[in-house]
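Worksheet for the structure shown next.
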Amino acid sequence: MTKSPLGDLLAGVTKKVFSPLDFIGKGSLTERVLAFALGEEPPSGVAGCTQENWRGLAAALSNVQVDKVRVVVLGGGTGLSNVIGGDSRRAEWKETPFTGLKEVFPHLHSIVCVTDDGGSTGEMLKDFPLIGLGDLRHVLLSSIRSVNLKKSYQLDDDGAVQTAVALHSFFNFRFNKPLESAEQLWKASRVTPEMFPQTLADYLVALVNRLFTDKRMATALHRPQCLGNLLLAAAVYGKLPAFFRTAELAANQKRMQAAIMDGLADLSIAVGAGPQAVLPCTATLSQLQMLYVNGVLVTGESKADTARRGYPVERAMVRFVDDPLLPDPVSKCIAEADIIILAPGSLYSSIIPILQVPGLAEVIRRNDKALKLLIANIWVQKGETDATREAPEKRFYVSDLIRAYGHNISGGIHRLFSHILTLDLADIPSSVLQSYILENKEPIYIDSDKVRELGFEPVRAGIICRNLLQRQRVIQHDPDTLAHVIRSMWALRESGFLALPSLAKSRLPNKQFSVRVSTDRMIPCMRYERLTQAVQGLDYRYLTLDSSLPENMPSSLCRDIITAVVEILWHHPDIHPDHLQYVKGICSVETSSWKRCQHWDNVFSFYDPEDSCIKIREDQIKSPERLETAVLIALGQSLLGNYCQQKSMEDVFVQDRQVGRLYRLIVRRQHDLHSFLSSQELDTYLQLSRMCPTQGEQRCYTRLINGEEGFTPPGLLFGLVFAWYLDNRFASNVEYKMSVMKNIPSDLILEQVKIMHRRENLIRFFRERVFRDQFF
């Protein structure tokens, strides 16, 4: 820290008994200076402080030199791209493409989360052994800088804007129908090579041509895609020998990492973002996993984003398909950074996955000289931050956000950030907040005192985008204002006037977590290939009232079902190809020919161990959601295989009066058993489903059913829990049974405690034995 003119000016407005800054804004000295820097009028007539002092301070804050300040920002797609240079997916981005941090800090690097698996990125994962490219493309487009375009291609200001606008249109072009040639692609995108400087046009033309000449990329052109993702993939594949196929690439992680880093660097320079402007947090394929407090473990970022489990998140984890590698450029950028920023965004699917890459968080901790900021989210994330572990029913606060980081990052959050930058909800009209609440969006509330108790300094500032608020009543961080605030905070830090957090020791946990690596190391595109082969290899039949035996299914219907079933299985990453090993076919049954007893349920699908086929009532196939439910329930049942040798239902009489029924089941001997579960695992499951082993009669289980009470046989229950575990929308009766776990158990009612423990053990059984995830 050195003495500076800015420091003298700040000293002049703070040394009085009543500081002139006491009349500006509210809160800490930092918050008051930021309020002034953002345009709040200074007081007049304050003794010892003239308007010339104020003008000098304003000029000093605006002109602080940051040309050599090295800034690293970590985050995911929308939040990170917005603070870097505006949200490049929005159509309005073309109006002001040069905005945000990139225009203030020349030495700026983005480190991007790569667990995205939804939308076009999910389609890419079906074909390529690549990390999630969607967020990289999103941030790359936002990182385009006017100065780079003008320098690289000798453009004037208008030419730089026109080039950025053309890149925006080209990279965000999406198509749903197959494209057969490069010419057709250019025509469909409504962008031509002539819209770009010649050198850039030649580079883009080469990437587009590679999409159609590299056979490894052919399949991807027949899926719904975002062109920018394909161009990035083409840049990567240009660094790989043509004879390297998917299996070879997957087995050579270091070669893939080099190709990803080099291809991304080439594209980054070409579009004007600059060398190493955008970096992946790791080049190792990985998947996000969410463990809820009820014990359910959900795999996949897109599934986690849409999950409505109704339980708080216990842990967010990243499962790598191989031993994860931290790219050297990422370590170097963080180690040399003067400012490190954790961007706003989805809590569990943005920052936390980045900080779980082994070694990355420690590099941040070791950098003691950097100003470290966390930009707090604005909104509660449904399915993520709409419930807290400590009190699921209460509002979500900034302190809860901090605790969530501490609970999910190995080694805790000590020295990862010191200041929490938040917007002030008082800046938002109540009518706008109410309209968001009607859309089930709720703000994350600020609790400054608790934040300070945790050892961090909260900083409230008017970083909301006022134009967007006025024009569209939309609440979002303003990229330019945010950049101005961070520059002012840097100036305060360098002048010794930045409010520092309390030195009190944080009471947050400091847990160490082991790195999670997939046991089978199966990358998503290989899983997709195995699922497709398995489903295509099934026998497809159709049973009508007029036929005694199933007939071959019409080819068009067969194709439709194959496509739909593959998509259903792909959508649930916890389904392993081995889960299909006991299914030999799928049979559509005409509604009038449906013979299955529906006395106990309204499930219109089942697994028939006699022919190892999944039977689905015809009307269920016509509805995508009903088909998904039918397939998942029957697939779950298939895992039991031929476990049941004999079953019966016997009436129970007491003094000639029927008081109930006895369900009796005999399990097959081990050498006759064809099941995903072992005999021991079957025994565990049957007892969890309240089947009682019969003393003196091996392999026999019974269940007493009182009066006319309903009953879910263990085979059907297995299918229902299987479907519910994957998505609780598909089995409302199981969701109802599991809801007891939301209650606080009372020792007054011992049965409630037993029921809760039985539900917990059933979920653990499915997590560990059925989905083979040995978390604990």
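Going by the structure tokens order, chains are called A, B, ..., each with residues numbered from 1, while ligands are numbered from 1 in the order shown.
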
- Message: I'd like the contact shell of Asn209 of chain A - 12 Å cut-off, only C-alpha atoms, skipping same-chain residues fewer than 5 positions apart - returned as a PyMOL selection string.
- Response: chain A and resi 180-186+202-204+214-215+217-218+230-231+234-235+238

- Message: Just want the 12 Å neighbourhood of Asp368 of chain A, counted on only C-alpha atoms, with same-chain residues fewer than 3 positions away dropped. Output as a list in words.
- Response: Ile334, Ala335, Glu336, Ala337, Asp338, Ile339, Ile340, Glu362, Val363, Ile364, Arg365, Leu371, Lys372, His414, Arg415, Leu416, Phe417 and Ser418 of chain A

- Task: Find the residues near Asp427 of chain A: any atom within 9 Å, counting only C-alpha atoms, skip ones fewer than 2 places away on the same chain, and give them as a PyMOL selection string.
- Result: chain A and resi 423-425+429+462+464

Write out, as a CSV table (one decimal), in the first residue's frame, the residues just selected, with N, CA and C atoms.
```csv
chain,number,residue,atom,x,y,z
A,423,LEU,N,-26.4,-6.2,-4.4
A,423,LEU,CA,-27.2,-5.0,-4.7
A,423,LEU,C,-28.1,-4.7,-3.5
A,424,ASP,N,-28.7,-3.5,-3.5
A,424,ASP,CA,-29.5,-3.1,-2.4
A,424,ASP,C,-31.0,-3.2,-2.8
A,425,LEU,N,-31.7,-4.1,-2.1
A,425,LEU,CA,-33.1,-4.3,-2.5
A,425,LEU,C,-33.9,-3.1,-2.4
A,429,PRO,N,-38.2,-1.2,-7.0
A,429,PRO,CA,-39.6,-0.8,-6.6
A,429,PRO,C,-40.3,-2.1,-6.1
A,462,GLY,N,-25.4,0.1,-5.7
A,462,GLY,CA,-26.5,0.2,-6.7
A,462,GLY,C,-26.0,-0.4,-8.0
A,464,ILE,N,-27.6,-2.5,-10.0
A,464,ILE,CA,-28.7,-3.0,-10.8
A,464,ILE,C,-28.7,-2.3,-12.1
```

- Task: From segment 66-130 of chain A, collect each residue whose DSSP state is alpha helix (DSSP H) and return the set as a list in words.
- Result: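 Checking each residue of segment 66-130 of chain A, the alpha helix (DSSP H) ones are Gly77, Thr78, Gly79, Leu80, Ser81, Asn82, Val83, Ile84, Gly85, Gly119, Ser120, Thr121, Gly122, Glu123, Met124 and Leu125 of chain A.
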
Preceding selection exported with C-alpha atoms as a JSON list (two decimals), in the first residue's frame:
```json
[["chain", "number", "residue", "atom", "x", "y", "z"],
["A", 77, "GLY", "CA", -22.78, -19.17, -18.19],
["A", 78, "THR", "CA", -25.25, -16.33, -17.77],
["A", 79, "GLY", "CA", -23.92, -14.72, -14.58],
["A", 80, "LEU", "CA", -20.29, -14.81, -15.71],
["A", 81, "SER", "CA", -20.96, -13.65, -19.27],
["A", 82, "ASN", "CA", -23.09, -10.76, -18.01],
["A", 83, "VAL", "CA", -20.41, -9.29, -15.75],
["A", 84, "ILE", "CA", -17.65, -9.87, -18.31],
["A", 85, "GLY", "CA", -19.36, -8.13, -21.21],
["A", 119, "GLY", "CA", -29.73, -28.03, -24.35],
["A", 120, "SER", "CA", -27.27, -28.00, -27.23],
["A", 121, "THR", "CA", -24.42, -28.92, -24.87],
["A", 122, "GLY", "CA", -26.29, -32.09, -23.92],
["A", 123, "GLU", "CA", -26.68, -32.94, -27.60],
["A", 124, "MET", "CA", -22.93, -32.47, -28.08],
["A", 125, "LEU", "CA", -22.17, -34.84, -25.22]]
```

- Message: With only C-alpha atoms as the counted atoms, please give the residues lying no more than 9 Å from Val357 of chain A, apart from itself and same-chain residues fewer than 2 positions off, as a PyMOL selection string.
- Response: chain A and resi 281-282+318+324-326+353-355+359-361+515

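Listed by chain and then by rising number, the residues of segment 678-738 of chain A that DSSP assigns to strand (DSSP E) from the backbone are A:Cys692, A:Pro693, A:Cys700, A:Tyr701, A:Thr702, A:Arg703, A:Leu704, A:Ile705, A:Asn706.
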
File dump, residues just selected, all heavy atoms, as a PDB file, in the first residue's frame:
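part-v3.pdb, written as the output of this step:
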```pdb
ATOM      1  N   CYS A 692     -41.928 -60.133   5.469  1.00  0.00           N
ATOM      2  CA  CYS A 692     -41.316 -60.776   6.636  1.00  0.00           C
ATOM      3  C   CYS A 692     -40.795 -62.162   6.273  1.00  0.00           C
ATOM      4  O   CYS A 692     -41.556 -62.983   5.726  1.00  0.00           O
ATOM      5  CB  CYS A 692     -42.328 -60.907   7.762  1.00  0.00           C
ATOM      6  SG  CYS A 692     -43.000 -59.337   8.317  1.00  0.00           S
ATOM      7  N   PRO A 693     -39.522 -62.452   6.546  1.00  0.00           N
ATOM      8  CA  PRO A 693     -39.017 -63.814   6.321  1.00  0.00           C
ATOM      9  C   PRO A 693     -39.787 -64.812   7.183  1.00  0.00           C
ATOM     10  O   PRO A 693     -40.073 -64.546   8.355  1.00  0.00           O
ATOM     11  CB  PRO A 693     -37.553 -63.733   6.747  1.00  0.00           C
ATOM     12  CG  PRO A 693     -37.231 -62.271   6.790  1.00  0.00           C
ATOM     13  CD  PRO A 693     -38.506 -61.571   7.122  1.00  0.00           C
ATOM     14  N   CYS A 700     -38.853 -67.800   1.767  1.00  0.00           N
ATOM     15  CA  CYS A 700     -40.279 -67.488   1.810  1.00  0.00           C
ATOM     16  C   CYS A 700     -40.498 -66.208   2.628  1.00  0.00           C
ATOM     17  O   CYS A 700     -39.956 -66.058   3.726  1.00  0.00           O
ATOM     18  CB  CYS A 700     -41.069 -68.645   2.424  1.00  0.00           C
ATOM     19  SG  CYS A 700     -42.860 -68.348   2.459  1.00  0.00           S
ATOM     20  N   TYR A 701     -41.314 -65.303   2.064  1.00  0.00           N
ATOM     21  CA  TYR A 701     -41.622 -64.026   2.716  1.00  0.00           C
ATOM     22  C   TYR A 701     -43.132 -63.820   2.692  1.00  0.00           C
ATOM     23  O   TYR A 701     -43.815 -64.200   1.724  1.00  0.00           O
ATOM     24  CB  TYR A 701     -40.941 -62.863   1.992  1.00  0.00           C
ATOM     25  CG  TYR A 701     -39.430 -62.942   1.975  1.00  0.00           C
ATOM     26  CD1 TYR A 701     -38.763 -63.735   1.037  1.00  0.00           C
ATOM     27  CD2 TYR A 701     -38.671 -62.226   2.893  1.00  0.00           C
ATOM     28  CE1 TYR A 701     -37.380 -63.804   1.024  1.00  0.00           C
ATOM     29  CE2 TYR A 701     -37.286 -62.286   2.882  1.00  0.00           C
ATOM     30  CZ  TYR A 701     -36.650 -63.084   1.941  1.00  0.00           C
ATOM     31  OH  TYR A 701     -35.286 -63.156   1.933  1.00  0.00           O
ATOM     32  N   THR A 702     -43.634 -63.224   3.762  1.00  0.00           N
ATOM     33  CA  THR A 702     -45.077 -62.976   3.827  1.00  0.00           C
ATOM     34  C   THR A 702     -45.350 -61.540   4.266  1.00  0.00           C
ATOM     35  O   THR A 702     -44.501 -60.884   4.879  1.00  0.00           O
ATOM     36  CB  THR A 702     -45.758 -63.935   4.805  1.00  0.00           C
ATOM     37  OG1 THR A 702     -45.174 -63.772   6.106  1.00  0.00           O
ATOM     38  CG2 THR A 702     -45.629 -65.373   4.349  1.00  0.00           C
ATOM     39  N   ARG A 703     -46.558 -61.106   3.977  1.00  0.00           N
ATOM     40  CA  ARG A 703     -46.997 -59.773   4.408  1.00  0.00           C
ATOM     41  C   ARG A 703     -48.485 -59.870   4.737  1.00  0.00           C
ATOM     42  O   ARG A 703     -49.293 -60.278   3.891  1.00  0.00           O
ATOM     43  CB  ARG A 703     -46.754 -58.755   3.286  1.00  0.00           C
ATOM     44  CG  ARG A 703     -47.415 -57.397   3.484  1.00  0.00           C
ATOM     45  CD  ARG A 703     -46.602 -56.461   4.357  1.00  0.00           C
ATOM     46  NE  ARG A 703     -47.276 -55.168   4.487  1.00  0.00           N
ATOM     47  CZ  ARG A 703     -47.148 -54.150   3.640  1.00  0.00           C
ATOM     48  NH1 ARG A 703     -46.351 -54.290   2.583  1.00  0.00           N
ATOM     49  NH2 ARG A 703     -47.780 -53.018   3.846  1.00  0.00           N
ATOM     50  N   LEU A 704     -48.851 -59.478   5.949  1.00  0.00           N
ATOM     51  CA  LEU A 704     -50.246 -59.503   6.378  1.00  0.00           C
ATOM     52  C   LEU A 704     -50.900 -58.176   6.021  1.00  0.00           C
ATOM     53  O   LEU A 704     -50.401 -57.109   6.358  1.00  0.00           O
ATOM     54  CB  LEU A 704     -50.341 -59.755   7.876  1.00  0.00           C
ATOM     55  CG  LEU A 704     -51.752 -59.888   8.454  1.00  0.00           C
ATOM     56  CD1 LEU A 704     -52.480 -61.092   7.860  1.00  0.00           C
ATOM     57  CD2 LEU A 704     -51.692 -59.979   9.973  1.00  0.00           C
ATOM     58  N   ILE A 705     -52.026 -58.249   5.323  1.00  0.00           N
ATOM     59  CA  ILE A 705     -52.756 -57.056   4.887  1.00  0.00           C
ATOM     60  C   ILE A 705     -54.072 -57.024   5.652  1.00  0.00           C
ATOM     61  O   ILE A 705     -54.896 -57.941   5.547  1.00  0.00           O
ATOM     62  CB  ILE A 705     -53.022 -57.093   3.372  1.00  0.00           C
ATOM     63  CG1 ILE A 705     -51.704 -57.314   2.617  1.00  0.00           C
ATOM     64  CG2 ILE A 705     -53.704 -55.811   2.911  1.00  0.00           C
ATOM     65  CD1 ILE A 705     -51.890 -57.805   1.208  1.00  0.00           C
ATOM     66  N   ASN A 706     -54.284 -55.984   6.403  1.00  0.00           N
ATOM     67  CA  ASN A 706     -55.483 -55.872   7.235  1.00  0.00           C
ATOM     68  C   ASN A 706     -56.708 -55.504   6.397  1.00  0.00           C
ATOM     69  O   ASN A 706     -56.656 -54.596   5.554  1.00  0.00           O
ATOM     70  CB  ASN A 706     -55.294 -54.817   8.322  1.00  0.00           C
ATOM     71  CG  ASN A 706     -54.209 -55.218   9.309  1.00  0.00           C
ATOM     72  OD1 ASN A 706     -54.051 -56.404   9.611  1.00  0.00           O
ATOM     73  ND2 ASN A 706     -53.464 -54.250   9.812  1.00  0.00           N
TER      74      ASN A 706
END
```

- Task: Excluding Leu57 of chain A and residues on its chain fewer than 5 positions from it, collect all residues at most 10 Å away from it, counting only C-alpha atoms, and give them as a list in words.
- Result: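 These residues fall inside the cut-off: Pro5, Leu6, Gly7, Asp8, Leu9, Leu10, Gly12, Val13, Val33, Phe36, Ala37, Gln51, Glu52, Ser62 and Asn63 of chain A.
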
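With only C-alpha atoms as the atoms that count, the residue of A:Phe653, A:Tyr292, A:Trp600, A:Tyr405 with the shortest distance to Ser346 of chain A is A:Tyr405.
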